[in-house]
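*Asks:* Sharing protein16.txt (compact mmCIF, C-alpha atoms) below.
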# COMPACT_ATOMS: atom_id res chain seq x y z
CA MET A 24 27.94 -1.14 -16.63
CA SER A 25 25.11 -3.20 -15.23
CA PHE A 26 26.46 -2.70 -11.70
CA LEU A 27 26.84 1.07 -11.98
CA ALA A 28 23.58 1.75 -10.09
CA TYR A 29 24.69 -0.52 -7.22
CA ALA A 30 28.04 1.25 -7.10
CA VAL A 31 26.24 4.62 -6.87
CA ALA A 32 24.12 3.30 -3.97
CA ALA A 33 27.18 2.00 -2.10
CA TRP A 34 29.05 5.27 -2.74
CA LEU A 35 26.13 7.38 -1.46
CA LEU A 36 25.95 5.25 1.69
CA LEU A 37 29.67 5.52 2.44
CA ILE A 38 30.07 9.21 1.59
CA GLY A 39 26.95 10.03 3.61
CA LEU A 40 28.31 8.14 6.62
CA TYR A 41 31.64 9.96 6.24
CA GLY A 42 29.73 13.24 6.34
CA VAL A 43 27.88 12.20 9.49
CA VAL A 44 31.11 11.20 11.24
CA SER A 45 33.14 14.25 10.25
CA SER A 46 30.41 16.89 10.57
CA HIS A 47 30.86 20.08 12.59
CA ASN A 48 27.30 21.25 12.18
CA LEU A 49 24.07 19.49 13.11
CA VAL A 50 22.24 20.80 10.02
CA HIS A 51 25.03 19.48 7.80
CA LEU A 52 24.90 16.19 9.70
CA ILE A 53 21.16 15.83 9.08
CA LEU A 54 21.61 16.51 5.36
CA CYS A 55 24.31 13.82 5.28
CA LEU A 56 21.79 11.45 6.85
CA SER A 57 19.43 12.27 3.95
CA VAL A 58 22.23 11.30 1.54
CA VAL A 59 22.51 7.94 3.33
CA GLN A 60 18.77 7.46 2.94
CA ALA A 61 18.97 8.39 -0.74
CA SER A 62 21.31 5.43 -1.23
CA THR A 63 18.52 3.06 -0.22
CA TYR A 64 16.22 4.60 -2.84
CA VAL A 65 18.82 4.16 -5.58
CA LEU A 66 19.43 0.57 -4.47
CA LEU A 67 15.71 -0.32 -4.33
CA LEU A 68 14.90 1.21 -7.73
CA ALA A 69 17.98 -0.40 -9.29
CA ILE A 70 17.02 -3.84 -7.98
CA GLY A 71 13.47 -3.52 -9.30
CA TYR A 72 14.48 -2.41 -12.79
CA ARG A 73 13.89 -4.86 -15.62
CA ALA A 74 15.60 -4.24 -18.93
CA GLY A 75 13.14 -2.67 -21.39
CA GLY A 76 10.43 -2.55 -18.74
CA LYS A 77 7.85 0.21 -18.67
CA ALA A 78 6.40 1.98 -15.65
CA PRO A 79 3.88 -0.34 -13.92
CA VAL A 80 0.90 1.83 -14.86
CA PHE A 81 -1.50 0.11 -17.23
CA ALA A 82 -3.57 3.19 -18.02
CA ASP A 83 -2.22 3.38 -21.58
CA ILE A 84 -0.19 0.20 -22.16
CA PRO A 85 -1.52 -3.34 -22.78
CA LEU A 86 -1.79 -5.70 -19.80
CA SER A 87 0.82 -8.03 -21.22
CA SER A 88 3.55 -5.35 -21.30
CA ARG A 89 6.85 -5.97 -19.60
CA VAL A 90 6.97 -3.67 -16.56
CA VAL A 91 9.51 -2.91 -13.85
CA ASP A 92 8.90 -4.22 -10.33
CA PRO A 93 6.18 -2.14 -8.64
CA VAL A 94 6.86 -3.25 -5.04
CA VAL A 95 10.15 -1.38 -4.68
CA GLN A 96 8.61 1.74 -6.21
CA SER A 97 5.83 1.62 -3.65
CA LEU A 98 8.37 1.32 -0.83
CA THR A 99 10.39 4.24 -2.17
CA LEU A 100 7.51 6.63 -2.74
CA THR A 101 6.14 6.29 0.79
CA ASP A 102 9.57 6.63 2.32
CA VAL A 103 10.53 9.79 0.42
CA VAL A 104 7.64 11.67 2.03
CA VAL A 105 8.08 10.14 5.47
CA GLU A 106 11.80 10.93 5.38
CA ALA A 107 11.00 14.62 4.85
CA THR A 108 9.04 14.85 8.11
CA VAL A 109 11.61 12.83 10.02
CA THR A 110 14.26 15.26 8.74
CA ALA A 111 12.07 18.14 9.93
CA LEU A 112 11.89 16.54 13.38
CA LEU A 113 15.69 16.24 13.50
CA LEU A 114 16.08 19.88 12.39
CA ALA A 115 13.69 20.90 15.19
CA LEU A 116 15.88 19.02 17.67
CA SER A 117 18.99 20.84 16.43
CA LEU A 118 17.14 24.15 16.68
CA GLN A 119 16.44 23.41 20.34
CA ALA A 120 20.04 22.32 20.82
CA TYR A 121 21.16 25.69 19.47
CA LYS A 122 18.83 27.51 21.85
CA ARG A 123 20.11 25.47 24.77
CA PHE A 124 23.86 25.44 24.04
CA GLY A 125 24.33 28.34 21.61
CA THR A 126 26.13 26.11 19.10
CA VAL A 127 25.30 23.44 16.53
CA ASP A 128 28.72 21.79 16.57
CA PRO A 129 28.22 18.26 17.99
CA ASP A 130 31.72 18.29 19.49
CA GLU A 131 31.14 21.53 21.36
CA ILE A 132 27.78 20.27 22.63
CA VAL A 133 29.48 17.14 23.97
CA SER A 134 32.20 19.20 25.70
CA LEU A 135 29.56 21.53 27.18
CA THR A 136 27.56 18.67 28.64
CA GLY A 137 30.67 16.79 29.77
CA MET B 17 38.13 11.25 20.92
CA SER B 18 40.21 13.49 18.71
CA HIS B 19 39.06 14.32 15.20
CA ARG B 20 41.95 12.58 13.55
CA GLY B 21 41.39 9.47 15.63
CA ARG B 22 37.71 9.39 14.85
CA ARG B 23 38.29 9.85 11.16
CA GLY B 24 40.90 7.10 11.13
CA LEU B 25 38.56 4.73 12.96
CA PHE B 26 35.80 5.55 10.48
CA LEU B 27 38.05 4.91 7.47
CA VAL B 28 38.96 1.46 8.81
CA ALA B 29 35.31 0.65 9.52
CA ALA B 30 34.19 2.07 6.17
CA ALA B 31 36.73 -0.08 4.32
CA GLY B 32 35.26 -3.13 6.04
CA LEU B 33 31.72 -2.00 5.26
CA ALA B 34 32.66 -1.33 1.62
CA ALA B 35 34.10 -4.85 1.31
CA LEU B 36 30.87 -6.31 2.73
CA LEU B 37 28.79 -4.14 0.39
CA VAL B 38 30.75 -5.28 -2.67
CA HIS B 39 30.39 -8.90 -1.53
CA GLY B 40 26.64 -8.49 -0.98
CA LEU B 41 25.90 -6.46 -4.10
CA ALA B 42 27.86 -8.88 -6.28
CA GLY B 43 25.34 -11.54 -5.29
CA LEU B 44 22.41 -9.52 -6.64
CA PRO B 45 21.13 -10.03 -10.17
CA GLY B 46 22.57 -7.44 -12.57
CA VAL B 47 20.57 -4.24 -13.02
CA GLY B 48 17.72 -5.02 -15.41
CA HIS B 49 17.67 -8.77 -14.74
CA PHE B 50 15.45 -8.85 -11.66
CA HIS B 51 12.90 -11.65 -11.53
CA GLY B 52 11.14 -11.16 -8.20
CA ARG B 53 7.97 -13.23 -8.39
CA TYR B 54 5.93 -11.10 -6.00
CA GLY B 55 6.15 -7.88 -7.99
CA LEU B 56 5.58 -9.65 -11.32
CA LEU B 57 2.57 -11.48 -9.95
CA LEU B 58 1.03 -8.32 -8.49
CA ALA B 59 1.70 -6.39 -11.69
CA HIS B 60 -0.43 -8.86 -13.61
CA VAL B 61 -3.22 -9.69 -11.18
CA ALA B 62 -3.83 -6.20 -9.78
CA VAL B 63 -5.63 -4.81 -12.83
CA PRO B 64 -8.14 -7.69 -13.20
CA GLU B 65 -8.63 -7.92 -9.43
CA ARG B 66 -8.89 -4.26 -8.51
CA GLN B 67 -9.65 -2.46 -11.78
CA ALA B 68 -6.95 0.04 -10.78
CA THR B 69 -4.39 0.77 -13.47
CA ASP B 70 -1.57 2.15 -11.31
CA ILE B 71 -0.01 -0.96 -9.80
CA VAL B 72 2.33 1.04 -7.55
CA ASN B 73 -0.65 2.54 -5.76
CA SER B 74 -2.55 -0.77 -5.72
CA ILE B 75 0.39 -2.09 -3.72
CA THR B 76 0.79 1.00 -1.54
CA TYR B 77 -2.86 1.32 -0.57
CA ASP B 78 -4.17 -2.22 -0.92
CA TYR B 79 -1.88 -5.26 -1.14
CA ARG B 80 0.65 -3.76 1.30
CA GLY B 81 -1.78 -1.34 2.91
CA VAL B 82 -0.75 -2.34 6.44
CA ASP B 83 2.86 -1.26 5.73
CA THR B 84 1.61 2.07 4.45
CA MET B 85 -0.39 2.53 7.64
CA GLY B 86 2.85 2.06 9.55
CA GLU B 87 4.60 4.63 7.35
CA GLU B 88 1.71 7.05 7.75
CA PHE B 89 1.91 6.74 11.53
CA ILE B 90 5.66 7.43 11.40
CA LEU B 91 4.79 10.63 9.52
CA PHE B 92 2.10 11.46 12.07
CA ALA B 93 4.40 10.78 15.01
CA SER B 94 7.23 12.89 13.52
CA ALA B 95 4.94 15.86 12.96
CA VAL B 96 3.48 15.59 16.47
CA GLY B 97 6.98 15.11 17.89
CA LEU B 98 8.15 18.25 16.10
CA VAL B 99 5.29 20.25 17.60
CA ILE B 100 6.26 18.98 21.05
CA VAL B 101 9.98 19.67 20.56
CA LEU B 102 9.29 23.22 19.31
CA ARG B 103 6.72 24.13 21.96
CA ARG B 104 7.31 27.41 23.69
CA MET B 105 9.92 26.98 26.37
CA ARG B 106 10.39 28.75 29.63
CA GLY B 107 12.16 32.05 29.03
CA GLU B 108 10.79 32.47 25.53
CA ARG B 109 7.98 34.81 24.77
CA GLN B 110 6.05 35.35 21.61
CA ASP B 111 6.55 38.80 20.21
CA ASP B 112 3.33 39.63 18.43
CA ASP B 113 4.33 43.22 17.78
CA ARG B 114 7.18 42.10 15.63
CA ASP B 115 5.01 41.24 12.64
CA ARG B 116 3.42 44.64 12.62
CA ASP B 117 6.70 46.41 12.94
CA ASP B 118 8.44 46.27 9.60
CA ALA B 119 11.74 47.52 10.96
CA SER B 120 12.18 44.65 13.35
CA GLU B 121 10.85 42.19 10.79
CA SER B 122 13.73 42.96 8.49
CA ALA B 123 15.98 42.66 11.49
CA VAL B 124 15.15 38.96 11.77
CA GLY B 125 16.27 38.24 8.26
CA ARG B 126 13.21 38.59 6.10
CA PRO B 127 12.93 41.52 3.72
CA SER B 128 10.03 43.66 4.85
CA GLN B 129 8.93 44.29 1.29
CA THR B 130 7.95 41.32 -0.84
CA SER B 131 8.57 42.26 -4.45
CA ALA B 132 5.48 42.76 -6.60
CA ALA B 133 6.66 40.12 -9.05
CA LEU B 134 6.93 37.47 -6.35
CA ARG B 135 3.59 38.48 -4.91
CA VAL B 136 1.75 38.29 -8.24
CA LEU B 137 3.41 35.08 -9.33
CA GLY B 138 2.85 33.44 -5.95
CA LEU B 139 -0.81 34.34 -5.81
CA ALA B 140 -1.34 33.33 -9.44
CA LEU B 141 0.16 29.91 -8.70
CA VAL B 142 -1.86 29.16 -5.55
CA GLY B 143 -5.00 28.11 -7.46
CA PRO B 144 -3.34 25.90 -10.09
CA VAL B 145 -1.08 24.24 -7.50
CA LEU B 146 -4.10 23.53 -5.29
CA VAL B 147 -5.94 21.94 -8.22
CA LEU B 148 -2.83 19.97 -9.16
CA GLY B 149 -2.60 18.64 -5.59
CA ILE B 150 -6.23 17.54 -5.55
CA TYR B 151 -5.77 15.98 -8.99
CA PHE B 152 -2.75 13.99 -7.84
CA ALA B 153 -4.40 12.86 -4.61
CA SER B 154 -7.59 11.74 -6.36
CA GLN B 155 -6.12 10.04 -9.46
CA GLY B 156 -3.74 7.69 -7.65
CA GLN B 157 -5.59 4.56 -8.71
CA LEU B 158 -5.35 5.45 -12.41
CA THR B 159 -2.12 7.28 -13.14
CA PRO B 160 1.07 8.03 -11.22
CA GLY B 161 0.16 10.11 -8.19
CA GLY B 162 -1.62 9.32 -4.98
CA GLY B 163 -2.00 10.72 -1.51
CA PHE B 164 1.66 11.10 -0.60
CA GLN B 165 2.53 13.17 -3.65
CA GLY B 166 -0.78 15.06 -3.72
CA GLY B 167 -0.49 15.95 -0.04
CA VAL B 168 2.95 17.48 -0.52
CA ILE B 169 1.68 19.58 -3.45
CA LEU B 170 -1.32 20.75 -1.40
CA ALA B 171 1.00 21.86 1.38
CA ALA B 172 3.13 23.68 -1.22
CA ALA B 173 0.06 25.70 -2.23
CA LEU B 174 -0.23 26.98 1.34
CA ILE B 175 3.46 27.83 1.44
CA LEU B 176 2.96 29.86 -1.76
CA VAL B 177 0.46 31.98 0.18
CA TYR B 178 3.25 32.76 2.60
CA LEU B 179 5.70 33.56 -0.21
CA ALA B 180 3.19 35.84 -1.90
CA GLY B 181 2.16 37.70 1.17
CA ARG B 182 2.99 38.08 4.76
CA TYR B 183 3.29 35.53 7.46
CA ARG B 184 0.21 37.00 9.14
CA ALA B 185 -1.89 36.25 6.05
CA MET B 186 -0.75 32.69 6.23
CA THR B 187 -1.56 32.55 9.95
CA ARG B 188 -5.10 33.59 9.16
CA LEU B 189 -5.29 31.09 6.33
CA ARG B 190 -4.12 28.07 8.27
CA PRO B 191 -5.58 28.16 11.71
CA ILE B 192 -3.46 25.60 13.54
CA PRO B 193 -6.44 23.67 14.97
CA VAL B 194 -7.77 23.01 11.45
CA VAL B 195 -4.37 21.77 10.26
CA GLU B 196 -4.05 19.53 13.30
CA LEU B 197 -7.58 18.26 12.73
CA ALA B 198 -6.74 17.43 9.10
CA GLU B 199 -3.67 15.54 10.20
CA GLY B 200 -5.56 13.63 12.88
CA LEU B 201 -8.45 12.83 10.54
CA GLY B 202 -5.98 11.58 7.94
CA ALA B 203 -4.42 9.14 10.41
CA ALA B 204 -7.74 8.09 11.96
CA GLY B 205 -9.42 7.79 8.55
CA TYR B 206 -6.85 5.27 7.38
CA ALA B 207 -7.42 3.08 10.42
CA ALA B 208 -11.22 3.51 10.13
CA ILE B 209 -11.20 2.34 6.50
CA GLY B 210 -9.13 -0.63 7.65
CA VAL B 211 -11.72 -1.43 10.32
CA GLY B 212 -14.38 -1.10 7.61
CA GLY B 213 -12.77 -4.13 6.00
CA LEU B 214 -13.15 -6.01 9.28
CA ILE B 215 -16.84 -5.10 9.49
CA ALA B 216 -17.60 -5.85 5.84
CA GLY B 217 -15.65 -9.05 5.52
CA ALA B 218 -12.93 -10.91 7.24
CA ARG B 219 -9.74 -8.95 7.54
CA PHE B 220 -8.28 -5.55 8.33
CA LEU B 221 -7.89 -3.28 5.28
CA LEU B 222 -9.91 -5.62 3.07
CA ASN B 223 -10.87 -3.78 -0.11
CA PHE B 224 -14.59 -3.85 0.69
CA ILE B 225 -15.92 -1.28 -1.77
CA PRO B 226 -17.10 -2.40 -5.26
CA GLN B 227 -14.13 -2.09 -7.61
CA GLY B 228 -15.88 -0.19 -10.39
CA SER B 229 -14.60 -0.45 -13.92
CA MET B 230 -11.06 0.04 -15.12
CA GLY B 231 -10.00 3.56 -16.06
CA ASN B 232 -12.85 5.12 -14.12
CA LEU B 233 -12.21 7.67 -11.38
CA LEU B 234 -14.32 5.55 -9.03
CA SER B 235 -12.37 2.36 -9.62
CA GLY B 236 -10.13 0.46 -7.25
CA GLY B 237 -12.47 0.43 -4.26
CA THR B 238 -10.74 1.61 -1.08
CA ILE B 239 -7.53 2.59 -2.93
CA ALA B 240 -8.95 6.01 -3.82
CA LEU B 241 -10.31 6.55 -0.30
CA LEU B 242 -7.07 5.58 1.42
CA SER B 243 -5.15 7.76 -1.02
CA ALA B 244 -7.40 10.69 -0.14
CA VAL B 245 -6.97 10.31 3.63
CA VAL B 246 -3.20 9.96 3.19
CA GLY B 247 -3.29 13.17 1.14
CA LEU B 248 -5.10 14.90 3.99
CA GLU B 249 -2.59 13.56 6.49
CA VAL B 250 0.48 14.54 4.46
CA ALA B 251 -0.84 18.01 3.62
CA GLY B 252 -1.69 18.56 7.31
CA ALA B 253 1.68 17.30 8.53
CA PHE B 254 3.72 19.39 6.08
CA THR B 255 1.73 22.55 6.76
CA LEU B 256 2.08 21.97 10.49
CA VAL B 257 5.84 21.45 10.18
CA PHE B 258 6.20 24.63 8.11
CA ALA B 259 3.99 26.64 10.45
CA GLU B 260 5.93 25.46 13.50
CA PHE B 261 9.25 26.50 11.99
CA MET B 262 7.80 29.88 11.03
CA ASP B 263 6.50 30.34 14.58
CA GLN B 264 10.06 29.94 15.82
CA ARG B 265 10.91 33.13 13.98
CA ARG B 266 8.37 34.97 16.11
CA LEU B 267 9.81 33.75 19.38
CA THR B 268 12.23 36.07 21.01
CA GLY B 269 15.26 34.33 22.36
CA ARG B 270 16.00 33.62 25.96
CA ARG B 271 16.98 36.81 27.71
CA GLN B 272 20.37 36.31 29.24
Could you render the structure from this file as structure tokens?

*Replies:*
Amino acid sequence: MSFLAYAVAAWLLLIGLYGVVSSHNLVHLILCLSVVQASTYVLLLAIGYRAGGKAPVFADIPLSSRVVDPVVQSLTLTDVVVEATVTALLLALSLQAYKRFGTVDPDEIVSLTG
Amino acid sequence: MSHRGRRGLFLVAAAGLAALLVHGLAGLPGVGHFHGRYGLLLAHVAVPERQATDIVNSITYDYRGVDTMGEEFILFASAVGLVIVLRRMRGERQDDDRDRDDASESAVGRPSQTSAALRVLGLALVGPVLVLGIYFASQGQLTPGGGFQGGVILAAALILVYLAGRYRAMTRLRPIPVVELAEGLGAAGYAAIGVGGLIAGARFLLNFIPQGSMGNLLSGGTIALLSAVVGLEVAGAFTLVFAEFMDQRRLTGRRQ
């Protein structure tokens, strides 16, 4: 049971990679990439969890409370927002690819460009 | 390479990767038994040192502030990159008549009539969502929140204006130069506050402002300031990204 969160992270990574490899649509491929990134969030938060720990915000709990690791939460929160704009950039690239080639299937784009 | 071949190759590689993952993850402490010293130490020194009660944001905007600057510049670069990728290309022309002409507007996939319910609800939500965004961006040092989350909520308020009305209303509301200025100021402000640390003391991003007292809005020194500029940056970037995608709708395709 205590390894369930790690198993979820590994599963998200592998299934996301499978989606990237087998994709026929650039938009679908980019969403699969987001799934891969989500696996890192699950892994980070799972590593930082401490049994019985509270959120590391001392606004309403005493300073001696047992809290979960704040470093991994900080990493995750910045990356969630940054990932959204990087995804937008990738979607913009696929939009331009569609305008240029008239398709969003990576295989067809490769066969068009030779 | 054929599809079947590629899939087969992936399955072999994925099996190897899965074995490595299991090997690596098995070496980690079980979930709930983590004893990283760094996080524990920061969790207990940050409040006395910085008077800020949200340790996650103390780390984001102070102890690991340089990393956050890197992340913020990735955000900045992606938004600028998106603007460059989506710039008007040869053979495309902007069809300004299209927005006035309801018939052709519905032809590009958007219903010409926004329902009254959506319009009322959207407009009613703009104010509260705006306040919520400012609240989140300004309270980061005290409670969960901060510039990244607040900025996204602020951008959502502008998108509500679009949902409630017409794209043209949104165009008037977010003049692109202002959004770009906000984004640039957000990125430059972060670096400027970092340089402030150099001027005031010894190192880049030193927390050089008096820390105030715990639980106060003006506590945490530069944490609140950095959180605010990040909020500006994120709100600017998200609005810019949304506006650029909406502009694509107004471009008529390449005439063959």

*Asks:* Using all atoms listed in the file, find which residues of chain A lie within 7 Å of chain B and jot them down as a list in words.

*Replies:*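 That gives Ser25, Phe26, Tyr29, Ala33, Leu37, Ser45, Ala69, Ile70, Gly71, Tyr72, Arg73, Ala74, Pro79, Val80, Phe81, Ala82, Asp92, Pro93, Val94, Gln96, Ser97, Thr101, Val104, Val105, Thr108, Val109, Leu112, Ala115 and Leu116 of chain A for chain A.
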
*Asks:* Taking C-alpha atoms for each residue, export the selection above as an mmCIF file, in the frame of the given file.

*Replies:*
data_model
loop_
_atom_site.group_PDB
_atom_site.id
_atom_site.type_symbol
_atom_site.label_atom_id
_atom_site.label_comp_id
_atom_site.auth_asym_id
_atom_site.auth_seq_id
_atom_site.Cartn_x
_atom_site.Cartn_y
_atom_site.Cartn_z
ATOM 1 C CA SER A 25 25.110 -3.200 -15.230
ATOM 2 C CA PHE A 26 26.460 -2.700 -11.700
ATOM 3 C CA TYR A 29 24.690 -0.520 -7.220
ATOM 4 C CA ALA A 33 27.180 2.000 -2.100
ATOM 5 C CA LEU A 37 29.670 5.520 2.440
ATOM 6 C CA SER A 45 33.140 14.250 10.250
ATOM 7 C CA ALA A 69 17.980 -0.400 -9.290
ATOM 8 C CA ILE A 70 17.020 -3.840 -7.980
ATOM 9 C CA GLY A 71 13.470 -3.520 -9.300
ATOM 10 C CA TYR A 72 14.480 -2.410 -12.790
ATOM 11 C CA ARG A 73 13.890 -4.860 -15.620
ATOM 12 C CA ALA A 74 15.600 -4.240 -18.930
ATOM 13 C CA PRO A 79 3.880 -0.340 -13.920
ATOM 14 C CA VAL A 80 0.900 1.830 -14.860
ATOM 15 C CA PHE A 81 -1.500 0.110 -17.230
ATOM 16 C CA ALA A 82 -3.570 3.190 -18.020
ATOM 17 C CA ASP A 92 8.900 -4.220 -10.330
ATOM 18 C CA PRO A 93 6.180 -2.140 -8.640
ATOM 19 C CA VAL A 94 6.860 -3.250 -5.040
ATOM 20 C CA GLN A 96 8.610 1.740 -6.210
ATOM 21 C CA SER A 97 5.830 1.620 -3.650
ATOM 22 C CA THR A 101 6.140 6.290 0.790
ATOM 23 C CA VAL A 104 7.640 11.670 2.030
ATOM 24 C CA VAL A 105 8.080 10.140 5.470
ATOM 25 C CA THR A 108 9.040 14.850 8.110
ATOM 26 C CA VAL A 109 11.610 12.830 10.020
ATOM 27 C CA LEU A 112 11.890 16.540 13.380
ATOM 28 C CA ALA A 115 13.690 20.900 15.190
ATOM 29 C CA LEU A 116 15.880 19.020 17.670
#

*Asks:* Check the smallest atom-to-atom distance from each of A:Thr63, A:Thr110, A:Asn48, A:Ser87 to Glu131 (chain A) using all atoms listed in the file, then report the winner.

*Replies:* A:Asn48

*Asks:* How many Å separate CA of Ala251 (chain B) from CA of Ala171 (chain B)?

*Replies:*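 Value for the CA of Ala251 (chain B)-CA of Ala171 (chain B) distance: 4.8 Å.
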
*Asks:* Which one is closest to Glu196 (chain B): B:Leu174, B:Val211, B:Ala140, B:Leu256? Count only C-alpha atoms.

*Replies:*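 Comparing B:Leu174, B:Val211, B:Ala140, B:Leu256 against Glu196 (chain B), the winner is B:Leu256.
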
*Asks:* Would you compute the distance between CA of Leu222 (chain B) and CA of Gly205 (chain B)? Give it in Å to one decimal.

*Replies:* 14.5 Å

*Asks:* Neighbouring residues of region 234-245 of chain B were defined as those with any atom within 6 Å, considering only C-alpha atoms; residues of the same chain fewer than 4 positions away were excluded. Please report them as a PyMOL selection string.

*Replies:* chain B and resi 66-68+77+153+162-163+202+206+223+225-229

*Asks:* Create the file for the chosen residues now, containing C-alpha atoms and written as an mmCIF file, in the coordinates of the input.

*Replies:*
data_model
loop_
_atom_site.group_PDB
_atom_site.id
_atom_site.type_symbol
_atom_site.label_atom_id
_atom_site.label_comp_id
_atom_site.auth_asym_id
_atom_site.auth_seq_id
_atom_site.Cartn_x
_atom_site.Cartn_y
_atom_site.Cartn_z
ATOM 1 C CA ARG B 66 -8.890 -4.260 -8.510
ATOM 2 C CA GLN B 67 -9.650 -2.460 -11.780
ATOM 3 C CA ALA B 68 -6.950 0.040 -10.780
ATOM 4 C CA TYR B 77 -2.860 1.320 -0.570
ATOM 5 C CA ALA B 153 -4.400 12.860 -4.610
ATOM 6 C CA GLY B 162 -1.620 9.320 -4.980
ATOM 7 C CA GLY B 163 -2.000 10.720 -1.510
ATOM 8 C CA GLY B 202 -5.980 11.580 7.940
ATOM 9 C CA TYR B 206 -6.850 5.270 7.380
ATOM 10 C CA ASN B 223 -10.870 -3.780 -0.110
ATOM 11 C CA ILE B 225 -15.920 -1.280 -1.770
ATOM 12 C CA PRO B 226 -17.100 -2.400 -5.260
ATOM 13 C CA GLN B 227 -14.130 -2.090 -7.610
ATOM 14 C CA GLY B 228 -15.880 -0.190 -10.390
ATOM 15 C CA SER B 229 -14.600 -0.450 -13.920
#

*Asks:* Between CA of Val127 (chain A) and CA of Leu49 (chain A), what distance in Å does the model show, to one decimal?

*Replies:*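 Separation between CA of Val127 (chain A) and CA of Leu49 (chain A): 5.4 Å.
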
*Asks:* If you count all atoms listed in the file, which residues fall within 12 Å of Val194 (chain B), apart from same-chain ones fewer than 6 positions away, as number ranges by chain?

*Replies:* B: 187-188, 200-201, 248-249, 251-253, 255-256

*Asks:* Taking all atoms listed in the file into account, which of A:Ala120, A:Ala111, A:Leu135, A:Ile84 comes nearest Leu54 (chain A)?

*Replies:*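 The closest residue to Leu54 (chain A) is A:Ala111.
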
*Asks:* Using only C-alpha atoms for the distances, tell me which of A:Leu68, A:Val58, A:Leu52, A:Ala30 is nearest to Leu98 (chain A).

*Replies:*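 Of all the options, A:Leu68 lies closest to Leu98 (chain A).
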
*Asks:* Could you list, as a PDB file with C-alpha atoms, in the frame of the given file, every residue within 12 Å of Pro144 (chain B), counting all atoms listed in the file and ignoring same-chain residues fewer than 2 positions away?

*Replies:*
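What ended up in selection_19.pdb:
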ATOM      1  CA  LEU B 137       3.410  35.080  -9.330  1.00  0.00           C
ATOM      2  CA  GLY B 138       2.850  33.440  -5.950  1.00  0.00           C
ATOM      3  CA  LEU B 139      -0.810  34.340  -5.810  1.00  0.00           C
ATOM      4  CA  ALA B 140      -1.340  33.330  -9.440  1.00  0.00           C
ATOM      5  CA  LEU B 141       0.160  29.910  -8.700  1.00  0.00           C
ATOM      6  CA  VAL B 142      -1.860  29.160  -5.550  1.00  0.00           C
ATOM      7  CA  LEU B 146      -4.100  23.530  -5.290  1.00  0.00           C
ATOM      8  CA  VAL B 147      -5.940  21.940  -8.220  1.00  0.00           C
ATOM      9  CA  LEU B 148      -2.830  19.970  -9.160  1.00  0.00           C
ATOM     10  CA  GLY B 149      -2.600  18.640  -5.590  1.00  0.00           C
ATOM     11  CA  ILE B 150      -6.230  17.540  -5.550  1.00  0.00           C
ATOM     12  CA  TYR B 151      -5.770  15.980  -8.990  1.00  0.00           C
ATOM     13  CA  ILE B 169       1.680  19.580  -3.450  1.00  0.00           C
ATOM     14  CA  LEU B 170      -1.320  20.750  -1.400  1.00  0.00           C
ATOM     15  CA  ALA B 172       3.130  23.680  -1.220  1.00  0.00           C
ATOM     16  CA  ALA B 173       0.060  25.700  -2.230  1.00  0.00           C
ATOM     17  CA  LEU B 174      -0.230  26.980   1.340  1.00  0.00           C
ATOM     18  CA  LEU B 176       2.960  29.860  -1.760  1.00  0.00           C
TER      19      LEU B 176
END

*Asks:* Using all atoms listed in the file for the distances, tell me which of B:Ala218, B:Leu25, B:Asp78, B:Arg104 is nearest to Arg265 (chain B).

*Replies:*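 So, comparing all the options, the nearest one is B:Arg104.
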
*Asks:* Can you tell me, as AutoDock Vina command-line options, the centre and edge lengths (Å, one decimal) of the axis-aligned box enclosing all of region 108-121 of chain A's listed atoms after padding each side by 4 Å?

*Replies:*
--center_x 15.1 --center_y 19.3 --center_z 14.5 --size_x 20.1 --size_y 20.9 --size_z 20.7

*Asks:* Could you please fill out region 170-178 of chain B with N, CA and C atoms and send it back as an mmCIF file, in the coordinates of the input?

*Replies:*
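Writing done, so here's rebuild-v6.cif:
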data_model
loop_
_atom_site.group_PDB
_atom_site.id
_atom_site.type_symbol
_atom_site.label_atom_id
_atom_site.label_comp_id
_atom_site.auth_asym_id
_atom_site.auth_seq_id
_atom_site.Cartn_x
_atom_site.Cartn_y
_atom_site.Cartn_z
ATOM 1 N N LEU B 170 -0.329 19.917 -2.096
ATOM 2 C CA LEU B 170 -1.320 20.750 -1.400
ATOM 3 C C LEU B 170 -0.651 21.644 -0.365
ATOM 4 N N ALA B 171 0.303 21.059 0.380
ATOM 5 C CA ALA B 171 1.000 21.860 1.380
ATOM 6 C C ALA B 171 1.798 22.970 0.696
ATOM 7 N N ALA B 172 2.354 22.666 -0.491
ATOM 8 C CA ALA B 172 3.130 23.680 -1.220
ATOM 9 C C ALA B 172 2.255 24.865 -1.593
ATOM 10 N N ALA B 173 0.968 24.606 -1.895
ATOM 11 C CA ALA B 173 0.060 25.700 -2.230
ATOM 12 C C ALA B 173 -0.066 26.661 -1.064
ATOM 13 N N LEU B 174 -0.125 26.119 0.161
ATOM 14 C CA LEU B 174 -0.230 26.980 1.340
ATOM 15 C C LEU B 174 1.059 27.767 1.572
ATOM 16 N N ILE B 175 2.187 27.130 1.259
ATOM 17 C CA ILE B 175 3.460 27.830 1.440
ATOM 18 C C ILE B 175 3.578 28.968 0.431
ATOM 19 N N LEU B 176 2.967 28.780 -0.756
ATOM 20 C CA LEU B 176 2.960 29.860 -1.760
ATOM 21 C C LEU B 176 2.227 31.088 -1.217
ATOM 22 N N VAL B 177 1.174 30.850 -0.424
ATOM 23 C CA VAL B 177 0.460 31.980 0.180
ATOM 24 C C VAL B 177 1.420 32.782 1.042
ATOM 25 N N TYR B 178 2.274 32.070 1.762
ATOM 26 C CA TYR B 178 3.250 32.760 2.600
ATOM 27 C C TYR B 178 4.241 33.542 1.731
#
